[in-house]
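Novice: If you scroll down you'll find the structure; I have some questions about it.
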Amino acid sequence: MSLGLEHYLILSGILFCIGLYGALAKRNAVAILMCIEIMLNAVNIAMIAFSRYLVPDVVVLTGHVFAIFIMTVAAAEAAVALAIIITIYRSRTSIDVEGVDSMQG
Amino acid sequence: MIEVAFWIIAIVLVGSALAVVLIRDVFRAALLLIMCFFAVAALYITLNADFLAAVQVLVYVGAIGVLLIFAIMLTRDLRHGNPFNRISGPALLLALLVLATIVGVVIGTDWDAVSQTSNAVNVPVDEPTTSHIAEALFNQDNGFVLPFEIASVLLLAALIGAVVLVRHKEKD
């Protein structure tokens with residue numbers, strides 16, 4: 001069976017769900033950030049698979065452009081999120097997300 | 001040939017992503033995440049995305065990987081490691097439901113019916129994509145010039161925000 005769009009989309013879906021599970025089930029803030037990066041990578045794989053396979057024998061570059069923008073936003077998000085995590089660690093000496101509840105009603 | 005490469009990369013990718021979620025040591029999880037990023041770059045090469053594979057290695061492995069390792073070094077919490085929280089059972093159930101939905105939709109959709117070509121920039125397979133990506137980003141008719149400028153301002157704002165957040169205050 002030759003390789004097609006479905007293979008890449010299902011691989012991307014598996015990767016997205018692994019990231020989703022980790023992002024929901026972890027307590028360490030850095031681990032949650034890593035799982036979100038896995039999810040963004042899964043979306044990028046789906047974008048590039050669409051741009052390669054949706055029209056036969058041609059690469060439609062709009063998917064590549066979207067993937068570049070996703071990477072840009074992911075880099076900005078990682079920088080800001082890690083800065084926030086380091087700030088929280090300084091004030092609480094812990095990055096357990098269940099301990100950060102001072103805004104809980 | 002490319003099928004063999006795809007299956008090897010897929011096994012490495014899913015295995016390292018699972019290990020990132022399941023392993024107890026956060027530092028080892030970060031190293032496995034970098035391996036996962038490399039596998040994604042290899043997957044881009046099987047999809048004729050040479051420029052994006054290079055960008056993946058530069059941005060994710062080079063920048064985000066090093067940033068994550070620095071953050072783990074600065075916030076190392078050896079007593080707790082990388083445990084699961086209280087809702088890990090429902091989270092697993094939700095993730096499996098989402099996976100079932102995605103697989104069902106992917107298999108149930110007739111992808112040939114949606115393969116209408118538009119006026120977007122196209123490249124024949126087996127041709128380098130770098131110069132064509134520049135054309136797709138910056139052409140006059142349907143380019144992405146304004147989003148590109150907004151992305152650069154976003155990066156500047158994120159840079160300044162991160163510096164302000166982690167800067168030590170000398171004295172108040």
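Convention: chains lettered A, B, ... in structure tokens order; per-chain residue numbering from 1; ligands numbered from 1 as shown.
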Do you know which residues are at most 10 Å from Ala67 (chain A) counting only C-alpha atoms, after dropping those on the same chain fewer than 3 positions away, and could you put them as a ChimeraX atom specification?
Specialist: /A:40-41,43-48,61-64,70-73 /B:52
Novice: Please produce a file of the residues just selected, as a PDB file, in the first residue's frame, where the atoms kept are N, CA and C atoms.
Specialist:
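Wrote again-v3.pdb, looks like this:
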ATOM      1  N   LEU A  40       1.631  21.285  18.766  1.00  0.00           N
ATOM      2  CA  LEU A  40       1.855  22.220  17.653  1.00  0.00           C
ATOM      3  C   LEU A  40       2.595  21.534  16.509  1.00  0.00           C
ATOM      4  N   ASN A  41       3.539  20.644  16.856  1.00  0.00           N
ATOM      5  CA  ASN A  41       4.248  19.900  15.808  1.00  0.00           C
ATOM      6  C   ASN A  41       3.301  18.987  15.046  1.00  0.00           C
ATOM      7  N   VAL A  43       0.143  19.507  14.478  1.00  0.00           N
ATOM      8  CA  VAL A  43      -0.634  20.340  13.554  1.00  0.00           C
ATOM      9  C   VAL A  43       0.208  20.699  12.327  1.00  0.00           C
ATOM     10  N   ASN A  44       1.489  20.999  12.545  1.00  0.00           N
ATOM     11  CA  ASN A  44       2.368  21.327  11.415  1.00  0.00           C
ATOM     12  C   ASN A  44       2.486  20.153  10.458  1.00  0.00           C
ATOM     13  N   ILE A  45       2.588  18.926  10.997  1.00  0.00           N
ATOM     14  CA  ILE A  45       2.662  17.749  10.124  1.00  0.00           C
ATOM     15  C   ILE A  45       1.407  17.656   9.271  1.00  0.00           C
ATOM     16  N   ALA A  46       0.235  17.907   9.880  1.00  0.00           N
ATOM     17  CA  ALA A  46      -1.014  17.841   9.109  1.00  0.00           C
ATOM     18  C   ALA A  46      -1.024  18.901   8.014  1.00  0.00           C
ATOM     19  N   MET A  47      -0.594  20.133   8.340  1.00  0.00           N
ATOM     20  CA  MET A  47      -0.541  21.223   7.345  1.00  0.00           C
ATOM     21  C   MET A  47       0.307  20.834   6.150  1.00  0.00           C
ATOM     22  N   ILE A  48       1.515  20.299   6.415  1.00  0.00           N
ATOM     23  CA  ILE A  48       2.436  20.021   5.323  1.00  0.00           C
ATOM     24  C   ILE A  48       1.984  18.795   4.549  1.00  0.00           C
ATOM     25  N   LEU A  61       1.937  25.665  -1.726  1.00  0.00           N
ATOM     26  CA  LEU A  61       2.804  26.196  -0.681  1.00  0.00           C
ATOM     27  C   LEU A  61       2.061  26.943   0.424  1.00  0.00           C
ATOM     28  N   THR A  62       0.769  27.106   0.328  1.00  0.00           N
ATOM     29  CA  THR A  62       0.057  27.809   1.400  1.00  0.00           C
ATOM     30  C   THR A  62       0.205  27.080   2.737  1.00  0.00           C
ATOM     31  N   GLY A  63       0.192  25.749   2.697  1.00  0.00           N
ATOM     32  CA  GLY A  63       0.395  24.986   3.929  1.00  0.00           C
ATOM     33  C   GLY A  63       1.760  25.244   4.539  1.00  0.00           C
ATOM     34  N   HIS A  64       2.780  25.380   3.693  1.00  0.00           N
ATOM     35  CA  HIS A  64       4.116  25.673   4.213  1.00  0.00           C
ATOM     36  C   HIS A  64       4.143  27.042   4.887  1.00  0.00           C
ATOM     37  N   ILE A  70       3.016  29.150  12.304  1.00  0.00           N
ATOM     38  CA  ILE A  70       2.824  28.389  13.541  1.00  0.00           C
ATOM     39  C   ILE A  70       4.139  28.275  14.304  1.00  0.00           C
ATOM     40  N   MET A  71       5.241  28.021  13.577  1.00  0.00           N
ATOM     41  CA  MET A  71       6.553  27.924  14.237  1.00  0.00           C
ATOM     42  C   MET A  71       6.925  29.248  14.892  1.00  0.00           C
ATOM     43  N   THR A  72       6.649  30.373  14.221  1.00  0.00           N
ATOM     44  CA  THR A  72       6.975  31.683  14.797  1.00  0.00           C
ATOM     45  C   THR A  72       6.229  31.895  16.102  1.00  0.00           C
ATOM     46  N   VAL A  73       4.915  31.630  16.070  1.00  0.00           N
ATOM     47  CA  VAL A  73       4.111  31.845  17.269  1.00  0.00           C
ATOM     48  C   VAL A  73       4.528  30.872  18.365  1.00  0.00           C
TER      49      VAL A  73
ATOM     50  N   LEU B  52      11.330  23.726   5.320  1.00  0.00           N
ATOM     51  CA  LEU B  52      10.729  23.602   6.646  1.00  0.00           C
ATOM     52  C   LEU B  52      11.484  22.613   7.511  1.00  0.00           C
TER      53      LEU B  52
END
Novice: Please determine the contact residues of chain B with respect to chain A at a cut-off of 6 Å, counting only C-alpha atoms, and supply them as a PyMOL selection string.
Specialist: chain B and resi 21+82+84-85+88+91-92+95+99+115+121-125+155+158+162+165-166
Novice: From a backbone DSSP assignment, name each residue in region 27-160 of chain B labelled strand (DSSP E or B), as a ChimeraX atom specification.
Specialist: /B:84,122-124
Novice: Record the distance separating CA of Ile11 (chain B) and CA of Ile69 (chain B), expressed in Å with one decimal.
Specialist: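 So the answer is 24.5 Å.
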Novice: So how far away is CA of Met39 (chain A) from CA of Tyr60 (chain B), in Å?
Specialist: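 Separation of CA of Tyr60 (chain B) and CA of Met39 (chain A): 13.2 Å.
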Novice: In Å, rounded to a single decimal, give me how far CA of Ser91 (chain A) is from CA of Arg28 (chain B).
Specialist: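 According to the coordinates, CA of Arg28 (chain B) and CA of Ser91 (chain A) are separated by 25.7 Å.
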Novice: Can you list, as number ranges by chain, every protein, DNA or RNA residue that comes within 8 Å of Thr130 (chain B) when you count only C-alpha atoms, leaving out same-chain residues fewer than 2 positions away?
Specialist: B: 50-51, 128, 132-134
